[in-house]
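Asker: Can you read through this structure? Questions will come right after.
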Amino acid sequence: MRIVIITYNWPPRNAIGTHRPYSWARYWSKSGCQVTVLTAKKKPFDAPLDLELPLLQNVEVIEVFYGRQSAVLARVIQFRFLNEFARKIKLWFQAWKGKKIDPRSSWYASAKEQAVVLARNADIVVSTFGPSSAHLLANEMKVSNPKLKWVADYRDLWSQSHTSVLSVQGKDEVALCELGTVGKNADLITSVSQDLVYKLGSLTGKKVLCVYNGFEQGLQDLKLRLSQRSKDINTPFRIVYTGTVYEGFRDPRPLLDALVKLQEDGDLSIGSVTIDFYGSRVGFVQKLRAHPEYNSFIRLMGHVSRDEAIKAQKTAGLLLILESSKPEARGVLTGKLYEYIAAGRPIICIGSRPEYEIGCVLSKTGTGVVFGPDQYHELPAVLKSTLLGAGLYEAYSPDLDEISFFTRENQAKYMLSELLALNRESMGAR
């Protein structure tokens, strides 16, 4: 079976969205499929660009150069404070105009010709959102070769995104584009959670399957680490967060306020507990660190390599997930969640709700607890108990059978079985 994967995220781009298509290419090629990856030549604004993953045998990777960028701009972007300032200007302009600004959108025009060429000798194309260019390129392939089967994958929602800053008119325009491409021509839709499956099915009227994100950890290593898990409390007690913090959607203040209360009550000393934020997009946390009551708890660790991030996760006292409690975020399941599960440390989620999908996965796997707005008042007591070796450590009861379901290998093989069924259907029609 000849499969084309269209994805913007691909090594060396160090983003959680890179691992999903990479695992597909890895396991599908091992299963005997002929896999071609269509991606973009990365730009400085795609940084960090330090993700080193093994080159995949028998997988052809086509990187398409797009757009232009001056040497001066490329140098400016290397300075974090200037990059953050430019990002704020972009967000402000988007909110003012009610339209999304994404320099990656020009990848579509540059890669369109190559996509049409690939369509001639492919059985299936799998495009993963975002940016939207991935789906637009797959649509071009489907139009040029109607016998080709198209699977449109969503790590996040497109026109239905809960983080959208678009105006009502802007959202309507995006929805029309989505329905005119995915809604009209896709043969199958996949997404990362049951709630997103429902929303995409309601929007498009198409068949939608849930193909979860996952982790790459070997089960034997994970089993050994879980059997040796320790409740020893180190000083400082490190609560670790790796990833991006979005102001208005991922807010650590309820956790910080609980720690402040414990400190005021004399239950912990200054410097005995830290929240270590790993990543380069933590501008909101920088603002919070300017508050005297929060300052002693926050440590900005900056961007580190993937290996260093994984090591930090495995040695943390607790692993922190931040998410929104808005109804639109019910189905959000970031790929970081599965990395955390594989790290073998208790997980605390702030801001979602226990009944949302993050809570369901944590409960099913026995790996963590969600504290939403209705549970914030419980945080001081739970943290105090945890620091004594109970609390979240007592609630941590990982179920290896449930956890093993979320390996990337299992998820890739499940999706491949669906692709094979699509291909048989296509062969039968011919």
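Quick note on naming: the chains in the structure tokens go A, B, ... in the order shown, residues restart at 1 in each chain, and ligands are numbered from 1 in order of appearance.
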Quick one: residues within 12 Å of A:Arg2, only C-alpha atoms, excluding same-chain residues fewer than 2 positions away - as a CSV table (one decimal) with N, CA and C atoms, in the first residue's frame?

Answerer:
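Below is the file result23.csv, written as the result:
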chain,number,residue,atom,x,y,z
A,4,VAL,N,0.9,8.5,1.4
A,4,VAL,CA,1.6,9.8,1.5
A,4,VAL,C,1.1,10.4,2.8
A,5,ILE,N,2.0,10.8,3.6
A,5,ILE,CA,1.7,11.6,4.8
A,5,ILE,C,2.0,13.0,4.6
A,25,ALA,N,4.8,6.9,10.1
A,25,ALA,CA,5.8,6.6,9.1
A,25,ALA,C,6.6,5.4,9.6
A,28,TRP,N,4.2,2.1,9.9
A,28,TRP,CA,3.6,1.7,8.7
A,28,TRP,C,4.6,1.2,7.7
A,29,SER,N,5.8,1.8,7.7
A,29,SER,CA,6.9,1.3,6.8
A,29,SER,C,7.4,0.0,7.3
A,31,SER,N,5.6,-2.3,8.5
A,31,SER,CA,4.6,-3.2,8.2
A,31,SER,C,4.6,-3.5,6.7
A,32,GLY,N,5.5,-2.9,5.9
A,32,GLY,CA,5.6,-3.2,4.5
A,32,GLY,C,4.9,-2.2,3.6
A,33,CYS,N,4.4,-1.1,4.1
A,33,CYS,CA,3.9,0.0,3.3
A,33,CYS,C,5.0,0.9,2.7
A,34,GLN,N,4.7,1.4,1.5
A,34,GLN,CA,5.6,2.4,0.9
A,34,GLN,C,5.1,3.8,1.3
A,35,VAL,N,5.9,4.4,2.2
A,35,VAL,CA,5.5,5.7,2.8
A,35,VAL,C,6.4,6.8,2.3
A,36,THR,N,5.7,7.9,1.9
A,36,THR,CA,6.3,9.1,1.5
A,36,THR,C,5.8,10.2,2.4
A,37,VAL,N,6.6,11.1,2.9
A,37,VAL,CA,6.2,12.2,3.8
A,37,VAL,C,6.5,13.5,3.0
A,58,ASN,N,13.5,3.3,4.4
A,58,ASN,CA,12.4,3.0,3.4
A,58,ASN,C,11.2,4.0,3.5
A,59,VAL,N,11.6,5.2,4.0
A,59,VAL,CA,10.6,6.3,4.1
A,59,VAL,C,11.2,7.5,3.3
A,60,GLU,N,10.5,7.9,2.3
A,60,GLU,CA,11.0,9.1,1.5
A,60,GLU,C,10.4,10.3,2.1
A,118,LEU,N,2.5,13.5,-6.5
A,118,LEU,CA,2.5,12.3,-5.6
A,118,LEU,C,1.1,11.6,-5.8
A,119,ALA,N,0.1,12.3,-6.1
A,119,ALA,CA,-1.3,11.8,-6.2
A,119,ALA,C,-1.4,10.7,-7.2
A,120,ARG,N,-0.5,10.8,-8.3
A,120,ARG,CA,-0.7,9.9,-9.4
A,120,ARG,C,-0.3,8.4,-9.0
A,121,ASN,N,0.5,8.2,-8.0
A,121,ASN,CA,1.0,6.9,-7.7
A,121,ASN,C,0.8,6.6,-6.2
A,122,ALA,N,-0.2,7.1,-5.6
A,122,ALA,CA,-0.5,6.8,-4.2
A,122,ALA,C,-1.9,6.1,-4.1
A,123,ASP,N,-2.0,5.3,-3.0
A,123,ASP,CA,-3.3,4.7,-2.7
A,123,ASP,C,-4.1,5.5,-1.7
A,124,ILE,N,-3.3,6.1,-0.7
A,124,ILE,CA,-3.9,6.8,0.4
A,124,ILE,C,-3.1,8.0,0.7
A,125,VAL,N,-3.7,9.1,1.0
A,125,VAL,CA,-3.0,10.3,1.6
A,125,VAL,C,-3.6,10.5,3.0
A,126,VAL,N,-2.7,10.8,3.9
A,126,VAL,CA,-3.1,11.1,5.3
A,126,VAL,C,-2.6,12.5,5.6
A,148,LEU,N,-8.0,8.1,-5.2
A,148,LEU,CA,-7.2,8.1,-4.0
A,148,LEU,C,-8.1,8.3,-2.8
A,149,LYS,N,-7.7,7.5,-1.7
A,149,LYS,CA,-8.5,7.7,-0.5
A,149,LYS,C,-7.8,8.7,0.4
A,416,LEU,N,-3.5,1.8,10.9
A,416,LEU,CA,-3.1,1.1,9.7
A,416,LEU,C,-4.2,0.1,9.3
A,419,LEU,N,-6.7,2.0,7.4
A,419,LEU,CA,-6.2,2.3,6.1
A,419,LEU,C,-6.3,1.1,5.1
A,420,LEU,N,-6.0,0.0,5.6
A,420,LEU,CA,-6.1,-1.2,4.8
A,420,LEU,C,-7.5,-1.5,4.4
A,423,ASN,N,-8.3,0.8,1.7
A,423,ASN,CA,-7.7,0.5,0.4
A,423,ASN,C,-8.4,-0.7,-0.2

Asker: Excluding A:Tyr356 and residues on its chain fewer than 6 positions from it, collect all residues at most 9 Å away from it, counting only C-alpha atoms, and give them as a ChimeraX atom specification.

Answerer: /A:195,325,327,329-332

Asker: Hey, can you check how far atom CA of A:Asp267 sits from atom CA of A:Thr242?

Answerer: 26.8 Å

Asker: Could you go through stretch 110-242 of chain A and tell me which residues DSSP, when run on the backbone, assigns to strand (DSSP E or B), listing them as a ChimeraX atom specification?

Answerer: /A:124-129,149-154,188-191,208-210,215,237-242

Asker: Would you mind listing what lies within 9 Å of A:Leu319 as a CSV table (one decimal) with N, CA, C and O atoms, in the first residue's frame, with only C-alpha atoms counted and same-chain residues fewer than 6 positions away left out?

Answerer:
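Contents of result24.csv, as written:
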chain,number,residue,atom,x,y,z
A,238,ARG,N,10.0,19.3,43.3
A,238,ARG,CA,9.9,19.9,42.0
A,238,ARG,C,8.6,19.4,41.3
A,238,ARG,O,8.4,18.3,41.1
A,239,ILE,N,7.7,20.4,41.0
A,239,ILE,CA,6.6,20.2,40.2
A,239,ILE,C,7.0,20.7,38.8
A,239,ILE,O,7.4,21.8,38.6
A,240,VAL,N,7.0,19.7,37.8
A,240,VAL,CA,7.5,20.0,36.5
A,240,VAL,C,6.5,20.2,35.4
A,240,VAL,O,5.5,19.4,35.3
A,241,TYR,N,6.6,21.2,34.6
A,241,TYR,CA,5.7,21.5,33.5
A,241,TYR,C,6.6,21.6,32.2
A,241,TYR,O,7.5,22.4,32.2
A,242,THR,N,6.3,20.9,31.2
A,242,THR,CA,7.1,21.0,29.9
A,242,THR,C,6.1,21.3,28.8
A,242,THR,O,5.1,20.6,28.6
A,313,GLN,N,11.0,15.1,33.5
A,313,GLN,CA,9.8,14.4,33.8
A,313,GLN,C,9.9,13.2,34.7
A,313,GLN,O,9.2,13.0,35.7
A,340,TYR,N,3.9,12.2,29.9
A,340,TYR,CA,3.8,12.3,31.4
A,340,TYR,C,3.5,10.9,31.9
A,340,TYR,O,4.1,10.4,32.9
A,343,ALA,N,6.4,8.7,32.0
A,343,ALA,CA,7.4,9.1,32.9
A,343,ALA,C,7.4,8.4,34.2
A,343,ALA,O,8.3,8.3,35.0
A,345,ARG,N,5.5,9.2,36.9
A,345,ARG,CA,5.3,10.1,38.1
A,345,ARG,C,3.9,10.5,38.2
A,345,ARG,O,3.2,10.6,37.2
A,346,PRO,N,3.4,10.8,39.4
A,346,PRO,CA,2.0,11.3,39.6
A,346,PRO,C,1.8,12.6,38.8
A,346,PRO,O,2.6,13.5,38.7
A,347,ILE,N,0.6,12.7,38.2
A,347,ILE,CA,0.2,13.9,37.4
A,347,ILE,C,-0.9,14.7,38.1
A,347,ILE,O,-1.9,14.1,38.6
A,348,ILE,N,-0.7,16.0,38.1
A,348,ILE,CA,-1.7,16.9,38.6
A,348,ILE,C,-2.1,17.8,37.5
A,348,ILE,O,-1.3,18.4,36.9
A,349,CYS,N,-3.4,17.8,37.2
A,349,CYS,CA,-3.9,18.7,36.1
A,349,CYS,C,-4.7,19.8,36.8
A,349,CYS,O,-5.6,19.6,37.6
A,368,GLY,N,-3.2,10.0,37.6
A,368,GLY,CA,-3.2,11.4,38.1
A,368,GLY,C,-4.6,11.9,38.4
A,368,GLY,O,-5.6,11.1,38.3

Asker: Write out as an MDAnalysis selection string all residues of stretch 206-394 of chain A that DSSP puts in helix (DSSP H, G or I) for this structure's backbone.

Answerer: chainID A and resid 219:227 253:264 283:289 292:295 306:314 327:329 336:343 357:365 373:387 392:394

Asker: Just checking: using only C-alpha atoms, which residue out of A:Thr315, A:Thr204, A:Asn213, A:Gln194 ends up closest to A:Ile16?

Answerer: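 The answer is A:Asn213, which sits nearest to A:Ile16.
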
Asker: Considering only C-alpha atoms, return as a PyMOL selection string whatever protein or nucleic-acid residues lie within 12 Å of stretch 243-249 of chain A, sequence-local ones (same chain, fewer than 6 positions apart) excluded.

Answerer: chain A and resi 14-17+48+88+91+162-165+276-288+300-304+306+309-310+313+319-329+332+334-337+339-340+350-352
